[in-house]
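A.B. asks: The structure under discussion is supplied below as structure tokens; questions concerning it will follow.
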Amino acid sequence: MAALGAPWPGAVALSGGGDSLALMHLLADWAKARGAQPPVALIVDHALRKGSAAEARKAAAFARKAGLAAHILTRKGPAPKSGIEAAARDARYGLMGAWLKKHGIATLYVGHTLDDQAETFLLRLGRGSGLDGLAAMRALAPFPFDGFSDLNLARPLLGISRIRLRAYLKNRGQNWLEDPMN
């Protein structure tokens, strides 16, 4: 993780899905092996569909079972009438960015994988992006939400496939949640 050049300690964005759960375990193991402070798990309850609060509690339970502090951050206010995915993304990064800033943690680790990298490229290609728009996600990037220029977003799993991460979790005996919106 330090190879990314990101400051430590860090927080991991945890949905409870396979990608973020594998990242949580990898970060926790990495920190333990180095005698470093463990990552903090940040879980966002978007409150946009029935069952989201229960899923957030389950994700927090996964983190606590792994010995990590877990914080559920809940989106407030009425559900948007349109642009739900964009609103969820903004809520997610806004809530996590505010938490990171308040607690003096400069890096949020997210479980974007090789599969996400390919999907992003194809979506951008389909939208007619030029060469700059087709650039790959970066492993270490500025935080993607206004007002948090002092924060980083780290993606250490960009070279690893989703199938490999699921196999890693199965070998650990770790279940995960399937996101119905993903």
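In the structure tokens, the first chain shown is A, the next is B, and so on; residue numbers restart at 1 for each chain, and ligands run from 1 in the order shown.
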Select from range 23-124 of chain A every residue with an atom at most 6 Å from any atom of range 154-159 of chain A, then for each give the shortest pair of atoms and their distance in Å to one decimal, using only C-alpha atoms, rows by chain and rising number, as a tab-separated table.

C.D. replies:
```
residue	atom	partner	partner_atom	distance
A:Tyr109	CA	A:Ala154	CA	4.7
A:Val110	CA	A:Arg155	CA	5.4
A:His112	CA	A:Arg155	CA	5.9
A:Thr113	CA	A:Leu158	CA	4.3
A:Leu114	CA	A:Leu158	CA	4.6
```

A.B. asks: Could the residues in this selection be written to a file with all heavy atoms, as a PDB file, in the first residue's frame?

C.D. replies:
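Saved to result-v8.pdb:
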```pdb
ATOM      1  N   TYR A 109      -9.085   4.347   0.677  1.00  0.00           N
ATOM      2  CA  TYR A 109      -8.816   3.217  -0.208  1.00  0.00           C
ATOM      3  C   TYR A 109     -10.134   2.657  -0.719  1.00  0.00           C
ATOM      4  O   TYR A 109     -11.054   2.415   0.068  1.00  0.00           O
ATOM      5  CB  TYR A 109      -8.037   2.134   0.545  1.00  0.00           C
ATOM      6  CG  TYR A 109      -6.601   2.518   0.797  1.00  0.00           C
ATOM      7  CD1 TYR A 109      -6.271   3.356   1.855  1.00  0.00           C
ATOM      8  CD2 TYR A 109      -5.589   2.069  -0.039  1.00  0.00           C
ATOM      9  CE1 TYR A 109      -4.948   3.739   2.079  1.00  0.00           C
ATOM     10  CE2 TYR A 109      -4.267   2.443   0.178  1.00  0.00           C
ATOM     11  CZ  TYR A 109      -3.962   3.276   1.239  1.00  0.00           C
ATOM     12  OH  TYR A 109      -2.668   3.658   1.451  1.00  0.00           O
ATOM     13  N   VAL A 110     -10.223   2.471  -2.028  1.00  0.00           N
ATOM     14  CA  VAL A 110     -11.440   1.933  -2.638  1.00  0.00           C
ATOM     15  C   VAL A 110     -11.106   0.675  -3.427  1.00  0.00           C
ATOM     16  O   VAL A 110      -9.992   0.524  -3.933  1.00  0.00           O
ATOM     17  CB  VAL A 110     -12.150   2.984  -3.523  1.00  0.00           C
ATOM     18  CG1 VAL A 110     -12.654   4.147  -2.688  1.00  0.00           C
ATOM     19  CG2 VAL A 110     -11.259   3.488  -4.635  1.00  0.00           C
ATOM     20  N   HIS A 112     -11.689  -0.584  -6.370  1.00  0.00           N
ATOM     21  CA  HIS A 112     -11.803  -0.664  -7.831  1.00  0.00           C
ATOM     22  C   HIS A 112     -10.811  -1.700  -8.354  1.00  0.00           C
ATOM     23  O   HIS A 112      -9.653  -1.720  -7.941  1.00  0.00           O
ATOM     24  CB  HIS A 112     -11.538   0.697  -8.467  1.00  0.00           C
ATOM     25  CG  HIS A 112     -12.562   1.715  -8.128  1.00  0.00           C
ATOM     26  ND1 HIS A 112     -12.283   3.048  -8.013  1.00  0.00           N
ATOM     27  CD2 HIS A 112     -13.886   1.594  -7.865  1.00  0.00           C
ATOM     28  CE1 HIS A 112     -13.381   3.713  -7.702  1.00  0.00           C
ATOM     29  NE2 HIS A 112     -14.365   2.838  -7.591  1.00  0.00           N
ATOM     30  N   THR A 113     -11.283  -2.544  -9.259  1.00  0.00           N
ATOM     31  CA  THR A 113     -10.510  -3.685  -9.752  1.00  0.00           C
ATOM     32  C   THR A 113     -10.171  -3.541 -11.232  1.00  0.00           C
ATOM     33  O   THR A 113     -10.579  -2.587 -11.894  1.00  0.00           O
ATOM     34  CB  THR A 113     -11.316  -4.973  -9.574  1.00  0.00           C
ATOM     35  OG1 THR A 113     -12.460  -4.913 -10.441  1.00  0.00           O
ATOM     36  CG2 THR A 113     -11.753  -5.188  -8.134  1.00  0.00           C
ATOM     37  N   LEU A 114      -9.482  -4.537 -11.733  1.00  0.00           N
ATOM     38  CA  LEU A 114      -9.186  -4.627 -13.158  1.00  0.00           C
ATOM     39  C   LEU A 114     -10.485  -4.617 -13.970  1.00  0.00           C
ATOM     40  O   LEU A 114     -10.568  -3.994 -15.026  1.00  0.00           O
ATOM     41  CB  LEU A 114      -8.387  -5.909 -13.425  1.00  0.00           C
ATOM     42  CG  LEU A 114      -7.896  -6.164 -14.830  1.00  0.00           C
ATOM     43  CD1 LEU A 114      -6.936  -5.063 -15.272  1.00  0.00           C
ATOM     44  CD2 LEU A 114      -7.184  -7.519 -14.890  1.00  0.00           C
TER      45      LEU A 114
END
```

A.B. asks: Set out as a tab-separated table a contact list for range 15-90 of chain A and range 162-180 of chain A with a cut-off of 12 Å, giving each residue of range 15-90 of chain A that qualifies its closest atom pair and distance in Å to one decimal, counting only C-alpha atoms, ordered by chain and rising residue number.

C.D. replies:
```
residue	atom	partner	partner_atom	distance
A:Ser15	CA	A:Leu177	CA	8.0
A:Gly16	CA	A:Leu177	CA	5.3
A:Gly17	CA	A:Leu177	CA	4.7
A:Gly18	CA	A:Trp176	CA	5.4
A:Asp19	CA	A:Leu165	CA	6.5
A:Ser20	CA	A:Trp176	CA	9.3
A:Leu21	CA	A:Trp176	CA	7.1
A:Ala22	CA	A:Leu165	CA	6.1
A:Leu23	CA	A:Leu165	CA	8.5
A:Met24	CA	A:Leu169	CA	10.8
A:His25	CA	A:Leu169	CA	8.8
A:Leu26	CA	A:Tyr168	CA	9.8
A:Arg49	CA	A:Pro180	CA	10.0
A:Lys50	CA	A:Pro180	CA	11.2
A:Gly51	CA	A:Pro180	CA	10.8
A:Ser52	CA	A:Asp179	CA	9.8
A:Ala54	CA	A:Leu177	CA	11.1
A:Glu55	CA	A:Leu177	CA	7.7
A:Ala56	CA	A:Leu177	CA	10.0
A:Arg57	CA	A:Leu177	CA	11.4
A:Lys58	CA	A:Leu177	CA	8.5
A:Ala59	CA	A:Leu177	CA	8.0
A:Ala60	CA	A:Trp176	CA	11.8
A:Ala61	CA	A:Trp176	CA	11.3
A:Phe62	CA	A:Trp176	CA	8.6
A:Ala63	CA	A:Gln174	CA	11.3
A:Lys65	CA	A:Gln174	CA	10.6
A:Ala66	CA	A:Gln174	CA	10.3
```

A.B. asks: If we count only C-alpha atoms and set the cut-off at 7 Å, which residues sit around range 84-92 of chain A, ignoring sequence neighbours fewer than 3 positions away in its own chain? Please answer as a PyMOL selection string.

C.D. replies: chain A and resi 44+46+75+80+95-96

A.B. asks: If you keep N, CA and C atoms, can you produce a file of those selected residues as an mmCIF file, in the first residue's frame?

C.D. replies:
```
data_model
loop_
_atom_site.group_PDB
_atom_site.id
_atom_site.type_symbol
_atom_site.label_atom_id
_atom_site.label_comp_id
_atom_site.auth_asym_id
_atom_site.auth_seq_id
_atom_site.Cartn_x
_atom_site.Cartn_y
_atom_site.Cartn_z
ATOM 1 N N VAL A 44 -21.190 3.513 3.896
ATOM 2 C CA VAL A 44 -22.209 4.527 3.622
ATOM 3 C C VAL A 44 -23.548 3.843 3.406
ATOM 4 N N HIS A 46 -26.761 4.750 1.879
ATOM 5 C CA HIS A 46 -27.324 5.776 0.997
ATOM 6 C C HIS A 46 -28.790 6.052 1.307
ATOM 7 N N ARG A 75 -26.741 8.907 4.551
ATOM 8 C CA ARG A 75 -27.219 10.034 3.751
ATOM 9 C C ARG A 75 -28.556 10.491 4.319
ATOM 10 N N PRO A 80 -33.463 11.456 -4.325
ATOM 11 C CA PRO A 80 -33.568 12.218 -5.571
ATOM 12 C C PRO A 80 -34.570 11.564 -6.519
ATOM 13 N N LEU A 95 -19.833 12.325 2.314
ATOM 14 C CA LEU A 95 -19.839 11.821 3.694
ATOM 15 C C LEU A 95 -18.466 11.292 4.111
ATOM 16 N N MET A 96 -17.854 10.496 3.238
ATOM 17 C CA MET A 96 -16.557 9.926 3.601
ATOM 18 C C MET A 96 -15.480 11.007 3.651
#
```

A.B. asks: Looking at A:Ala28, A:Leu14, A:Ala98, A:Ala79, which one is nearest to Leu151 in chain A, with distances taken over only C-alpha atoms?

C.D. replies: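 The answer is A:Ala98, which sits nearest to Leu151 in chain A.
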
A.B. asks: Choose the residue, out of A:Ala33, A:Ala11, A:Leu42, A:Ala106, that has the smallest atom-to-atom separation from Ile72 in chain A; count only C-alpha atoms.

C.D. replies: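 Checking each candidate against Ile72 in chain A, we get A:Leu42 as the closest.
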